[in-house]
$ cat target.csv   # CSV, N, CA and C atoms
chain,number,residue,atom,x,y,z
Z,765,MET,N,38.2,-73.3,39.8
Z,765,MET,CA,38.8,-72.1,39.1
Z,765,MET,C,37.7,-71.2,38.6
Z,766,TRP,N,36.7,-71.7,38.0
Z,766,TRP,CA,35.6,-70.9,37.5
Z,766,TRP,C,34.8,-70.3,38.6
Z,767,PRO,N,34.6,-71.0,39.7
Z,767,PRO,CA,33.8,-70.3,40.7
Z,767,PRO,C,34.4,-69.1,41.3
Z,768,LEU,N,35.7,-69.1,41.3
Z,768,LEU,CA,36.4,-67.9,41.9
Z,768,LEU,C,36.4,-66.8,40.9
Z,769,LEU,N,36.5,-67.0,39.6
Z,769,LEU,CA,36.5,-66.0,38.6
Z,769,LEU,C,35.1,-65.4,38.4
Z,770,SER,N,34.1,-66.2,38.7
Z,770,SER,CA,32.7,-65.8,38.4
Z,770,SER,C,32.3,-64.5,39.1
Z,771,PRO,N,32.6,-64.3,40.4
Z,771,PRO,CA,32.3,-63.0,41.0
Z,771,PRO,C,33.1,-61.8,40.3
Z,772,LEU,N,34.3,-62.1,39.9
Z,772,LEU,CA,35.0,-61.0,39.3
Z,772,LEU,C,34.5,-60.7,37.9
Z,773,LEU,N,34.1,-61.7,37.2
Z,773,LEU,CA,33.5,-61.5,35.9
Z,773,LEU,C,32.2,-60.8,36.0
Z,774,THR,N,31.4,-61.2,36.9
Z,774,THR,CA,30.1,-60.6,37.0
Z,774,THR,C,30.2,-59.1,37.4
Z,775,GLY,N,31.1,-58.8,38.3
Z,775,GLY,CA,31.4,-57.4,38.7
Z,775,GLY,C,31.9,-56.6,37.5
Z,776,VAL,N,32.7,-57.2,36.7
Z,776,VAL,CA,33.2,-56.5,35.5
Z,776,VAL,C,32.1,-56.3,34.5
Z,777,LEU,N,31.3,-57.2,34.4
Z,777,LEU,CA,30.2,-57.1,33.4
Z,777,LEU,C,29.1,-56.1,33.9
Z,778,LYS,N,28.9,-56.0,35.2
Z,778,LYS,CA,27.9,-55.0,35.7
Z,778,LYS,C,28.3,-53.6,35.5
Z,779,VAL,N,29.6,-53.3,35.6
Z,779,VAL,CA,30.0,-51.9,35.5
Z,779,VAL,C,29.7,-51.4,34.1
Z,780,PRO,N,30.0,-52.1,33.0
Z,780,PRO,CA,29.6,-51.6,31.7
Z,780,PRO,C,28.1,-51.5,31.5
Z,781,ARG,N,27.4,-52.5,32.2
Z,781,ARG,CA,26.0,-52.5,32.0
Z,781,ARG,C,25.4,-51.3,32.7
Z,782,VAL,N,25.8,-50.9,33.8
Z,782,VAL,CA,25.4,-49.7,34.5
Z,782,VAL,C,25.7,-48.5,33.7
Z,783,SER,N,26.9,-48.5,33.2
Z,783,SER,CA,27.3,-47.3,32.3
Z,783,SER,C,26.5,-47.3,31.1
Z,784,LYS,N,26.2,-48.4,30.5
Z,784,LYS,CA,25.3,-48.4,29.3
Z,784,LYS,C,23.9,-47.9,29.6
Z,785,GLU,N,23.4,-48.4,30.8
Z,785,GLU,CA,22.0,-48.0,31.2
Z,785,GLU,C,22.0,-46.5,31.5
Z,786,LYS,N,23.1,-46.0,32.0
Z,786,LYS,CA,23.3,-44.6,32.3
Z,786,LYS,C,23.3,-43.8,31.0
Z,787,ARG,N,24.0,-44.3,30.0
Z,787,ARG,CA,24.0,-43.6,28.7
Z,787,ARG,C,22.7,-43.6,28.1
Z,788,ILE,N,22.0,-44.7,28.2
Z,788,ILE,CA,20.6,-44.8,27.6
Z,788,ILE,C,19.7,-43.8,28.3
Z,789,PHE,N,19.8,-43.7,29.6
Z,789,PHE,CA,19.0,-42.8,30.4
Z,789,PHE,C,19.3,-41.4,30.0
Z,790,GLU,N,20.6,-41.1,29.9
Z,790,GLU,CA,21.0,-39.7,29.5
Z,790,GLU,C,20.5,-39.4,28.1
Z,791,ARG,N,20.6,-40.4,27.2
Z,791,ARG,CA,20.1,-40.2,25.8
Z,791,ARG,C,18.6,-39.9,25.8
Z,792,GLU,N,17.9,-40.7,26.6
Z,792,GLU,CA,16.4,-40.5,26.8
Z,792,GLU,C,16.1,-39.1,27.3
Z,793,LEU,N,16.9,-38.6,28.2
Z,793,LEU,CA,16.7,-37.3,28.8
Z,793,LEU,C,17.0,-36.2,27.7
Z,794,GLU,N,18.0,-36.5,26.9
Z,794,GLU,CA,18.3,-35.6,25.8
Z,794,GLU,C,17.2,-35.5,24.8
Z,795,LEU,N,16.7,-36.7,24.4
Z,795,LEU,CA,15.6,-36.8,23.5
Z,795,LEU,C,14.3,-36.1,24.0
Z,796,ILE,N,14.0,-36.3,25.3
Z,796,ILE,CA,12.9,-35.7,26.0
Z,796,ILE,C,13.0,-34.2,25.9
Z,797,GLU,N,14.2,-33.7,26.2
Z,797,GLU,CA,14.5,-32.3,26.2
Z,797,GLU,C,14.4,-31.7,24.8
Z,798,SER,N,14.9,-32.5,23.8
Z,798,SER,CA,14.8,-32.1,22.4
Z,798,SER,C,13.3,-32.0,22.0
Z,799,LEU,N,12.5,-33.0,22.4
Z,799,LEU,CA,11.1,-33.1,22.1
Z,799,LEU,C,10.4,-31.9,22.7
Z,800,ARG,N,10.7,-31.5,24.0
Z,800,ARG,CA,10.1,-30.4,24.6
Z,800,ARG,C,10.5,-29.1,23.9
Z,801,ARG,N,11.7,-29.0,23.4
Z,801,ARG,CA,12.2,-27.8,22.7
Z,801,ARG,C,11.4,-27.7,21.4
Z,802,VAL,N,11.3,-28.8,20.7
Z,802,VAL,CA,10.5,-28.8,19.4
Z,802,VAL,C,9.0,-28.4,19.7
Z,803,GLN,N,8.5,-29.0,20.8
Z,803,GLN,CA,7.1,-28.6,21.1
Z,803,GLN,C,6.9,-27.1,21.4
Z,804,ARG,N,7.9,-26.6,22.1
Z,804,ARG,CA,7.9,-25.1,22.4
Z,804,ARG,C,7.9,-24.3,21.1
Z,805,GLU,N,8.8,-24.7,20.2
Z,805,GLU,CA,9.0,-24.1,19.0
Z,805,GLU,C,7.7,-24.2,18.1
Z,806,GLU,N,7.1,-25.4,18.2
Z,806,GLU,CA,5.8,-25.5,17.5
Z,806,GLU,C,4.7,-24.7,18.1
Z,807,ALA,N,4.7,-24.6,19.4
Z,807,ALA,CA,3.7,-23.7,20.1
Z,807,ALA,C,3.9,-22.3,19.7
Z,808,ARG,N,5.2,-21.8,19.6
Z,808,ARG,CA,5.5,-20.4,19.2
Z,808,ARG,C,5.0,-20.2,17.7
Z,809,ALA,N,5.3,-21.2,16.9
Z,809,ALA,CA,4.9,-21.1,15.5
Z,809,ALA,C,3.4,-21.1,15.4
Z,810,LEU,N,2.7,-21.9,16.1
Z,810,LEU,CA,1.2,-21.9,16.1
Z,810,LEU,C,0.7,-20.5,16.6
Z,811,GLU,N,1.3,-20.0,17.6
Z,811,GLU,CA,0.9,-18.7,18.2
Z,811,GLU,C,1.1,-17.6,17.1
Z,812,HIS,N,2.2,-17.7,16.5
Z,812,HIS,CA,2.5,-16.7,15.4
Z,812,HIS,C,1.5,-16.9,14.3
Z,813,GLN,N,1.2,-18.1,13.9
Z,813,GLN,CA,0.2,-18.3,12.8
Z,813,GLN,C,-1.2,-17.7,13.3
Z,814,LYS,N,-1.5,-18.0,14.5
Z,814,LYS,CA,-2.8,-17.4,15.1
Z,814,LYS,C,-2.8,-15.9,15.0
Z,815,GLU,N,-1.7,-15.3,15.4
Z,815,GLU,CA,-1.6,-13.8,15.3
Z,815,GLU,C,-1.7,-13.3,13.9
Z,816,LEU,N,-1.0,-14.0,12.9
Z,816,LEU,CA,-1.1,-13.6,11.5
Z,816,LEU,C,-2.5,-13.8,11.0
Z,817,LEU,N,-3.2,-14.9,11.4
Z,817,LEU,CA,-4.6,-15.1,11.0
Z,817,LEU,C,-5.5,-14.1,11.5
Z,818,GLU,N,-5.3,-13.7,12.8
Z,818,GLU,CA,-6.1,-12.6,13.3
Z,818,GLU,C,-5.9,-11.3,12.6
Z,819,LYS,N,-4.6,-11.0,12.3
Z,819,LYS,CA,-4.3,-9.8,11.5
Z,819,LYS,C,-5.0,-9.8,10.1
Z,820,LEU,N,-4.9,-11.0,9.5
Z,820,LEU,CA,-5.5,-11.2,8.2
Z,820,LEU,C,-7.0,-11.0,8.3
Z,821,ARG,N,-7.6,-11.6,9.3
Z,821,ARG,CA,-9.1,-11.4,9.4
Z,821,ARG,C,-9.4,-9.9,9.7
Z,822,ALA,N,-8.6,-9.3,10.5
Z,822,ALA,CA,-8.9,-7.9,10.8
Z,822,ALA,C,-8.7,-7.0,9.5
Z,823,ALA,N,-7.7,-7.4,8.7
Z,823,ALA,CA,-7.5,-6.7,7.4
Z,823,ALA,C,-8.7,-6.9,6.5
Z,824,HIS,N,-9.1,-8.1,6.4
Z,824,HIS,CA,-10.3,-8.5,5.6
Z,824,HIS,C,-11.5,-7.7,6.1
Z,825,ALA,N,-11.7,-7.6,7.4
Z,825,ALA,CA,-12.8,-6.9,7.9
Z,825,ALA,C,-12.8,-5.4,7.6
Z,826,ARG,N,-11.6,-4.9,7.7
Z,826,ARG,CA,-11.4,-3.4,7.3
Z,826,ARG,C,-11.7,-3.2,5.8
Z,827,ASP,N,-11.2,-4.1,5.0
Z,827,ASP,CA,-11.4,-4.0,3.6
Z,827,ASP,C,-12.9,-4.1,3.3
Z,828,ALA,N,-13.5,-5.1,3.9
Z,828,ALA,CA,-15.0,-5.3,3.7
Z,828,ALA,C,-15.8,-4.0,4.1
Z,829,ALA,N,-15.4,-3.5,5.3
Z,829,ALA,CA,-16.0,-2.3,5.8
Z,829,ALA,C,-15.8,-1.1,4.8
Z,830,ALA,N,-14.6,-1.0,4.3
Z,830,ALA,CA,-14.3,0.1,3.4
Z,830,ALA,C,-15.1,-0.1,2.1
Z,831,GLU,N,-15.2,-1.3,1.7
Z,831,GLU,CA,-15.9,-1.6,0.4
Z,831,GLU,C,-17.4,-1.3,0.6
Z,832,ARG,N,-17.9,-1.7,1.8
Z,832,ARG,CA,-19.3,-1.4,2.1
Z,832,ARG,C,-19.6,0.1,2.1
Z,833,GLU,N,-18.6,0.9,2.7
Z,833,GLU,CA,-18.8,2.3,2.7
Z,833,GLU,C,-18.7,2.9,1.3
Z,834,GLN,N,-17.8,2.4,0.5
Z,834,GLN,CA,-17.7,2.8,-0.9
Z,834,GLN,C,-19.0,2.6,-1.6
Z,835,ILE,N,-19.5,1.4,-1.5
Z,835,ILE,CA,-20.7,1.0,-2.1
Z,835,ILE,C,-21.9,1.9,-1.7
Z,836,GLU,N,-22.0,2.2,-0.4
Z,836,GLU,CA,-23.0,3.0,0.2
Z,836,GLU,C,-22.8,4.5,-0.4
Z,837,SER,N,-21.6,4.9,-0.5
Z,837,SER,CA,-21.3,6.2,-1.0
Z,837,SER,C,-21.7,6.3,-2.5
Z,838,LEU,N,-21.4,5.3,-3.2
Z,838,LEU,CA,-21.8,5.3,-4.7
Z,838,LEU,C,-23.3,5.2,-4.8
Z,839,ARG,N,-24.0,4.4,-3.9
Z,839,ARG,CA,-25.4,4.4,-4.0
Z,839,ARG,C,-26.0,5.7,-3.7
Z,840,LYS,N,-25.5,6.4,-2.7
Z,840,LYS,CA,-26.0,7.8,-2.4
Z,840,LYS,C,-25.8,8.7,-3.5
Z,841,ALA,N,-24.6,8.6,-4.1
Z,841,ALA,CA,-24.3,9.5,-5.3
Z,841,ALA,C,-25.3,9.2,-6.4
Z,842,GLN,N,-25.6,7.9,-6.7
Z,842,GLN,CA,-26.5,7.6,-7.7
Z,842,GLN,C,-27.9,8.1,-7.4
Z,843,LEU,N,-28.3,8.0,-6.2
Z,843,LEU,CA,-29.6,8.5,-5.8
Z,843,LEU,C,-29.7,10.0,-6.0
Z,844,GLU,N,-28.6,10.7,-5.6
Z,844,GLU,CA,-28.6,12.2,-5.8
Z,844,GLU,C,-28.6,12.5,-7.3
Z,845,GLU,N,-27.9,11.7,-8.1
Z,845,GLU,CA,-27.9,12.0,-9.5
Z,845,GLU,C,-29.2,11.7,-10.1
Z,846,ALA,N,-29.9,10.6,-9.7
Z,846,ALA,CA,-31.2,10.3,-10.1
Z,846,ALA,C,-32.2,11.4,-9.8
Z,847,LYS,N,-32.1,11.9,-8.6
Z,847,LYS,CA,-33.0,13.0,-8.2
Z,847,LYS,C,-32.7,14.3,-9.0
Z,848,ASP,N,-31.4,14.5,-9.3
Z,848,ASP,CA,-31.1,15.7,-10.1
Z,848,ASP,C,-31.6,15.5,-11.5
Z,849,LEU,N,-31.4,14.3,-12.1
Z,849,LEU,CA,-32.0,14.1,-13.4
Z,849,LEU,C,-33.5,14.2,-13.5
Z,850,SER,N,-34.1,13.7,-12.5
Z,850,SER,CA,-35.6,13.8,-12.4
Z,850,SER,C,-36.0,15.3,-12.3
Z,851,ARG,N,-35.3,16.0,-11.5
Z,851,ARG,CA,-35.6,17.5,-11.4
Z,851,ARG,C,-35.4,18.2,-12.8
Z,852,GLN,N,-34.3,17.8,-13.4
Z,852,GLN,CA,-34.0,18.4,-14.7
Z,852,GLN,C,-35.1,18.0,-15.8
Z,853,LYS,N,-35.5,16.8,-15.7
Z,853,LYS,CA,-36.6,16.3,-16.6
Z,853,LYS,C,-37.8,17.1,-16.4
Z,854,GLU,N,-38.2,17.3,-15.1
Z,854,GLU,CA,-39.4,18.1,-14.8
Z,854,GLU,C,-39.3,19.5,-15.3
Z,855,GLU,N,-38.1,20.1,-15.1
Z,855,GLU,CA,-37.9,21.4,-15.6
Z,855,GLU,C,-38.0,21.5,-17.1
Z,856,LEU,N,-37.4,20.5,-17.8
Z,856,LEU,CA,-37.5,20.5,-19.3
Z,856,LEU,C,-39.0,20.3,-19.7
Z,857,GLN,N,-39.7,19.4,-19.0
Z,857,GLN,CA,-41.1,19.2,-19.4
Z,857,GLN,C,-41.9,20.5,-19.2
Z,858,LYS,N,-41.6,21.2,-18.1
Z,858,LYS,CA,-42.3,22.5,-17.9
Z,858,LYS,C,-42.0,23.5,-19.0
Z,859,GLU,N,-40.7,23.5,-19.3
Z,859,GLU,CA,-40.2,24.4,-20.3
Z,859,GLU,C,-40.8,24.1,-21.7
Z,860,LYS,N,-40.9,22.8,-22.0
Z,860,LYS,CA,-41.5,22.3,-23.2
Z,860,LYS,C,-43.0,22.7,-23.3
Z,861,ALA,N,-43.6,22.5,-22.1
Z,861,ALA,CA,-45.1,22.9,-22.1
Z,861,ALA,C,-45.2,24.4,-22.3
Z,862,GLU,N,-44.4,25.2,-21.7
Z,862,GLU,CA,-44.4,26.6,-21.9
Z,862,GLU,C,-44.2,27.0,-23.4
Z,863,LEU,N,-43.1,26.4,-23.9
Z,863,LEU,CA,-42.8,26.7,-25.3
Z,863,LEU,C,-44.0,26.2,-26.3
Z,864,GLN,N,-44.6,25.1,-25.9
Z,864,GLN,CA,-45.7,24.6,-26.7
Z,864,GLN,C,-46.8,25.6,-26.7
Z,865,LYS,N,-47.1,26.1,-25.4
Z,865,LYS,CA,-48.2,27.1,-25.3
Z,865,LYS,C,-47.9,28.3,-26.1
Z,866,LYS,N,-46.6,28.8,-26.0
Z,866,LYS,CA,-46.3,30.0,-26.7
Z,866,LYS,C,-46.4,29.7,-28.2
Z,867,TRP,N,-46.0,28.6,-28.7
Z,867,TRP,CA,-46.1,28.2,-30.1
Z,867,TRP,C,-47.5,28.3,-30.5
Z,868,GLU,N,-48.4,27.7,-29.7
Z,868,GLU,CA,-49.8,27.7,-30.0
Z,868,GLU,C,-50.4,29.1,-30.1
Z,869,GLU,N,-49.9,29.9,-29.1
Z,869,GLU,CA,-50.3,31.3,-29.1
Z,869,GLU,C,-49.9,32.1,-30.4
Z,870,LEU,N,-48.6,31.8,-30.7
Z,870,LEU,CA,-48.1,32.4,-31.9
Z,870,LEU,C,-48.8,31.9,-33.2
Z,871,GLU,N,-49.1,30.7,-33.2
Z,871,GLU,CA,-49.9,30.1,-34.3
Z,871,GLU,C,-51.2,30.8,-34.4
Z,872,GLU,N,-51.8,31.0,-33.3
Z,872,GLU,CA,-53.2,31.6,-33.3
Z,872,GLU,C,-53.0,33.1,-33.7
Z,873,GLU,N,-52.0,33.7,-33.3
Z,873,GLU,CA,-51.7,35.1,-33.7
Z,873,GLU,C,-51.5,35.1,-35.2
Z,874,ARG,N,-50.7,34.2,-35.7
Z,874,ARG,CA,-50.4,34.2,-37.2
Z,874,ARG,C,-51.7,34.0,-38.0
Z,875,LYS,N,-52.6,33.1,-37.4
Z,875,LYS,CA,-53.8,32.9,-38.1
Z,875,LYS,C,-54.7,34.2,-38.1
Z,876,THR,N,-54.6,34.9,-37.1
Z,876,THR,CA,-55.5,36.1,-37.0
Z,876,THR,C,-54.8,37.3,-37.7
Z,877,LEU,N,-53.6,37.3,-37.8
Z,877,LEU,CA,-52.9,38.4,-38.5
Z,877,LEU,C,-53.3,38.5,-40.0
Z,878,PRO,N,-53.3,37.5,-40.7
Z,878,PRO,CA,-53.7,37.6,-42.1
Z,878,PRO,C,-55.2,38.1,-42.2
Z,879,LEU,N,-56.0,37.7,-41.3
Z,879,LEU,CA,-57.4,38.2,-41.3
Z,879,LEU,C,-57.4,39.7,-41.1
Z,880,PHE,N,-56.6,40.2,-40.2
Z,880,PHE,CA,-56.6,41.6,-40.0
Z,880,PHE,C,-56.1,42.3,-41.3
Z,881,SER,N,-55.1,41.7,-41.9
Z,881,SER,CA,-54.5,42.2,-43.1
Z,881,SER,C,-55.6,42.3,-44.2
Z,882,VAL,N,-56.3,41.2,-44.4
Z,882,VAL,CA,-57.3,41.0,-45.4
Z,882,VAL,C,-58.4,42.0,-45.1
Z,883,GLU,N,-58.8,42.1,-43.9
Z,883,GLU,CA,-59.9,43.0,-43.5
Z,883,GLU,C,-59.5,44.4,-43.7
Z,884,GLN,N,-58.3,44.7,-43.3
Z,884,GLN,CA,-57.8,46.1,-43.5
Z,884,GLN,C,-57.7,46.5,-45.0
Z,885,GLN,N,-57.4,45.5,-45.8
Z,885,GLN,CA,-57.3,45.8,-47.2
Z,885,GLN,C,-58.7,46.0,-47.8
Z,886,THR,N,-59.6,45.3,-47.3
Z,886,THR,CA,-61.0,45.4,-47.9
Z,886,THR,C,-61.7,46.6,-47.3
Z,887,SER,N,-61.2,47.1,-46.2
Z,887,SER,CA,-62.0,48.2,-45.7
Z,887,SER,C,-61.6,49.5,-46.3
$ encode --input "target.csv" --output "structure tokens"
Amino acid sequence: MWPLLSPLLTGVLKVPRVSKEKRIFERELELIESLRRVQREEARALEHQKELLEKLRAAHARDAAAEREQIESLRKAQLEEAKDLSRQKEELQKEKAELQKKWEELEEERKTLPLFSVEQQTS
């Protein structure tokens, strides 16, 4: 009795086994596809991060260039101001020297004026 049922039972057992293997295979395919989808999304995210990083680097480079230009402009302005102050200082020194000379001349004149006055009074 058992030998006759044995082929029937094995045939019955194989059908679910094939079906189970098929489901496992289909699930593996789903997981593989899901993994590929996640990898594509990660690749897009990495590409987006790369683009953002490049934009950030470019922005930093622009900022640094603008800062260098501003520093250079301030440096030039300071040099011009220093030249202007030096020129003003020279002019003031010349003016001071001229005033000192005039003062000395006036002092000399003042010294000689009383002499004339005294001489004129005695004469």
$ atom_distance --input "target.csv" --atom1 "atom CA of Z:Glu836" --atom2 "atom C of Z:Ala822"
19.8 Å
$ atom_distance --input "target.csv" --atom1 "atom N of Z:Arg801" --atom2 "atom N of Z:Arg781"
29.6 Å
$ atom_distance --input "target.csv" --atom1 "atom N of Z:Val782" --atom2 "atom N of Z:Ser798"
23.6 Å
